[in-house]
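*Asks:* File follows, upload32.tsv with TSV, C-alpha atoms:
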chain	number	residue	atom	x	y	z
A	1	MET	CA	0.00	0.00	0.00
A	2	PRO	CA	1.46	3.41	-0.96
A	3	PRO	CA	2.14	5.98	1.76
A	4	LYS	CA	-0.61	8.49	2.47
A	5	ILE	CA	-0.39	12.27	2.15
A	6	ASP	CA	-0.64	14.11	5.48
A	7	ALA	CA	-3.44	16.60	6.15
A	8	LYS	CA	-1.16	19.68	6.01
A	9	THR	CA	0.14	18.77	2.53
A	10	LEU	CA	-3.37	17.95	1.30
A	11	ALA	CA	-4.70	21.29	2.55
A	12	LEU	CA	-1.85	23.13	0.80
A	13	LEU	CA	-2.45	21.31	-2.50
A	14	ASN	CA	-6.20	21.94	-2.29
A	15	ARG	CA	-5.65	25.65	-1.59
A	16	LEU	CA	-3.05	26.19	-4.34
A	17	LEU	CA	-4.33	23.85	-7.05
A	18	GLY	CA	-8.07	23.94	-6.47
A	19	ASP	CA	-9.89	21.69	-8.93
A	20	ARG	CA	-6.61	20.74	-10.66
A	21	ASN	CA	-5.67	18.71	-7.61
A	22	PRO	CA	-3.56	15.73	-8.75
A	23	VAL	CA	-4.01	12.18	-7.51
A	24	ILE	CA	-1.30	10.21	-5.75
A	25	LEU	CA	-0.18	7.15	-7.69
A	26	PRO	CA	1.81	4.08	-6.74
A	27	SER	CA	5.25	4.17	-8.34
A	28	GLU	CA	5.73	2.40	-11.65
A	29	THR	CA	9.22	0.91	-11.54
A	30	GLN	CA	10.25	-2.25	-9.72
A	31	SER	CA	12.73	-0.40	-7.49
A	32	ASP	CA	9.99	2.05	-6.45
A	33	ILE	CA	7.59	-0.75	-5.55
A	34	ARG	CA	10.29	-2.47	-3.51
A	35	GLU	CA	10.90	0.72	-1.50
A	36	ASN	CA	7.15	1.28	-0.96
A	37	MET	CA	6.87	4.83	-2.23
A	38	ALA	CA	4.26	6.80	-4.10
A	39	ARG	CA	4.42	9.82	-6.36
A	40	LEU	CA	2.32	12.79	-7.28
A	41	ASP	CA	2.85	14.67	-10.56
A	42	LEU	CA	1.93	18.34	-10.30
A	43	PRO	CA	0.24	20.11	-13.21
A	44	THR	CA	2.64	21.56	-15.77
A	45	ALA	CA	2.69	25.33	-16.19
A	46	PRO	CA	1.89	26.60	-19.71
A	47	GLY	CA	5.07	26.74	-21.81
A	48	ALA	CA	7.15	24.97	-19.16
A	49	GLU	CA	10.06	22.68	-20.02
A	50	TYR	CA	9.70	20.67	-16.82
A	51	PHE	CA	7.16	19.73	-14.17
A	52	PHE	CA	7.48	18.95	-10.48
A	53	ARG	CA	6.98	15.50	-9.03
A	54	LEU	CA	6.47	14.77	-5.35
A	55	TRP	CA	7.68	11.53	-3.81
A	56	PHE	CA	6.28	10.10	-0.58
A	57	TYR	CA	8.24	7.35	1.17
A	58	GLU	CA	7.03	5.06	3.89
A	59	GLY	CA	8.38	6.41	7.15
A	60	GLY	CA	7.62	10.04	6.28
A	61	GLU	CA	10.55	11.02	4.08
A	62	ARG	CA	9.77	13.13	1.00
A	63	GLN	CA	11.38	14.33	-2.19
A	64	ILE	CA	10.55	17.08	-4.68
A	65	SER	CA	11.98	16.54	-8.13
A	66	ALA	CA	11.74	18.21	-11.51
A	67	ARG	CA	11.32	16.14	-14.67
A	68	LEU	CA	11.95	17.35	-18.19
A	69	ILE	CA	8.83	17.17	-20.35
A	70	GLN	CA	10.66	16.31	-23.57
A	71	HIS	CA	12.55	13.41	-21.94
A	72	PHE	CA	9.66	12.11	-19.88
A	73	GLY	CA	10.88	9.16	-17.84
A	74	ASP	CA	12.17	8.25	-14.41
A	75	GLU	CA	15.69	7.54	-15.67
A	76	THR	CA	16.33	11.15	-16.73
A	77	TYR	CA	18.49	12.79	-14.05
A	78	PHE	CA	17.53	16.37	-13.30
A	79	TRP	CA	16.99	18.50	-10.18
A	80	TYR	CA	15.66	17.06	-6.91
A	81	ARG	CA	15.42	18.03	-3.25
A	82	PRO	CA	15.40	15.16	-0.74
A	83	LEU	CA	13.90	15.73	2.70
A	84	GLU	CA	15.18	12.99	4.99
A	85	MET	CA	14.28	12.39	8.62
A	86	THR	CA	17.92	12.71	9.74
A	87	GLU	CA	17.99	16.30	8.42
A	88	PHE	CA	15.14	17.10	10.83
A	89	ARG	CA	16.44	15.00	13.76
A	90	GLY	CA	13.57	12.54	13.36
A	91	SER	CA	10.82	15.17	13.65
A	92	GLU	CA	8.18	14.37	11.07
A	93	ASP	CA	6.32	17.61	11.91
A	94	ASP	CA	9.42	19.68	11.06
A	95	LEU	CA	9.96	17.70	7.86
A	96	VAL	CA	6.34	18.19	6.74
A	97	SER	CA	6.51	21.92	7.54
A	98	GLU	CA	9.69	22.37	5.49
A	99	PHE	CA	8.25	20.27	2.66
A	100	CYS	CA	5.08	22.39	2.57
A	101	GLU	CA	7.05	25.64	2.71
A	102	GLU	CA	9.26	24.61	-0.23
A	103	LEU	CA	6.29	23.25	-2.16
A	104	GLU	CA	4.35	26.49	-1.70
A	105	THR	CA	7.37	28.48	-2.93
A	106	LEU	CA	7.60	26.33	-6.07
A	107	LEU	CA	3.87	26.59	-6.77
A	108	THR	CA	3.55	30.34	-6.22
A	109	HIS	CA	6.69	31.69	-7.91
A	110	GLU	CA	8.29	31.49	-11.33
A	111	THR	CA	11.09	28.92	-11.22
A	112	ARG	CA	14.06	27.92	-13.30
A	113	ILE	CA	16.51	25.05	-13.07
A	114	VAL	CA	20.12	26.07	-13.63
A	115	GLN	CA	22.33	23.24	-14.90
A	116	ARG	CA	26.12	23.38	-14.86
A	117	LYS	CA	28.50	20.71	-16.08
A	118	GLY	CA	31.50	20.22	-13.83
A	119	TRP	CA	34.61	18.19	-14.40
A	120	LEU	CA	33.09	15.03	-12.91
A	121	PHE	CA	29.45	15.86	-12.18
A	122	TRP	CA	26.45	17.81	-13.38
A	123	HIS	CA	25.19	20.40	-10.90
A	124	PHE	CA	21.58	21.56	-10.72
A	125	ARG	CA	20.08	24.43	-8.79
A	126	CYS	CA	16.42	25.42	-8.57
A	127	GLU	CA	15.86	29.17	-8.38
A	128	TYR	CA	12.66	31.16	-7.99
A	129	ARG	CA	11.73	34.77	-8.67
A	130	ALA	CA	11.02	36.64	-5.45
A	131	GLU	CA	8.55	39.53	-5.27
A	132	GLU	CA	11.30	42.11	-5.12
Here is the file; what I need is its structure written in the form of structure tokens.
*Replies:*
Amino acid sequence: MPPKIDAKTLALLNRLLGDRNPVILPSETQSDIRENMARLDLPTAPGAEYFFRLWFYEGGERQISARLIQHFGDETYFWYRPLEMTEFRGSEDDLVSEFCEELETLLTHETRIVQRKGWLFWHFRCEYRAEE
């Protein structure tokens, strides 16, 4: 059974997405099923080159990732932000609050993913346009 979305995240999605509220789906790949996670694809903004995907893991951990539209598939490496319990000293409430804060920022501001190729690795950074 896939993990459930907490009430705070559901309220945020309902407030920001209204009737475009996406549905949580069990993951499609074998490795995802083995780890008992679920995902939620957020609606794509008009003219966007990527969309955001939310991952919910059993045990409370979360991840926000961006997926390129033209290379739609789970194997395409792009930007992601893991939120692990150790980062929040085991406090699921703190993790959920941070997750909701970052999710609200992504859904209410223009964003861009900056990609830089290093000597050994690709580096990705998600930026957003602030009011000022």
*Asks:* In Å, rounded to a single decimal, give me how far atom CA of Glu58 of chain A is from atom CA of Glu92 of chain A.
*Replies:*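 For atom CA of Glu92 of chain A relative to atom CA of Glu58 of chain A, the distance reads 11.8 Å.
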*Asks:* Work out how far apart atom CA of Gly60 of chain A and atom CA of Trp79 of chain A are and give it in Å to one decimal.
*Replies:* 20.7 Å
*Asks:* Smallest atom-to-atom distance to Ala66 of chain A: which of A:Ile5, A:Ile113, A:Leu10, A:Ala130, using all atoms listed in the file?
*Replies:* A:Ile113
*Asks:* Using all atoms listed in the file, which of the listed residues (A:Asn14, A:Asn36, A:Gln70, A:Thr9) sits closest to Cys100 of chain A?
*Replies:*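 The answer is A:Thr9, which sits nearest to Cys100 of chain A.
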*Asks:* In Å to one decimal, how far is atom CA of Ile69 of chain A from atom CA of Tyr50 of chain A?
*Replies:*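 A separation of 5.0 Å between them.
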*Asks:* Within 9 Å of (12.1, 6.7, 9.1), in the coordinates the file gives, what residues turn up when you count all atoms listed in the file, written out as an MDAnalysis selection string?
*Replies:* chainID A and resid 57:61 84:86 90 92
*Asks:* Using all atoms listed in the file, which protein or nucleic acid residues come within 7 Å of Arg53 of chain A? Drop anything in the same chain fewer than 3 positions from it, and give the result as a list in words.
*Replies:* Arg39, Leu40, Asp41, Leu42, Ile64, Ser65 and Ala66 of chain A
*Asks:* Emit the selected residues as an mmCIF file, keeping the file's coordinate frame, including C-alpha atoms.
*Replies:*
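As a result, selection17.cif now contains:
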data_model
loop_
_atom_site.group_PDB
_atom_site.id
_atom_site.type_symbol
_atom_site.label_atom_id
_atom_site.label_comp_id
_atom_site.auth_asym_id
_atom_site.auth_seq_id
_atom_site.Cartn_x
_atom_site.Cartn_y
_atom_site.Cartn_z
ATOM 1 C CA ARG A 39 4.420 9.820 -6.360
ATOM 2 C CA LEU A 40 2.320 12.790 -7.280
ATOM 3 C CA ASP A 41 2.850 14.670 -10.560
ATOM 4 C CA LEU A 42 1.930 18.340 -10.300
ATOM 5 C CA ILE A 64 10.550 17.080 -4.680
ATOM 6 C CA SER A 65 11.980 16.540 -8.130
ATOM 7 C CA ALA A 66 11.740 18.210 -11.510
#
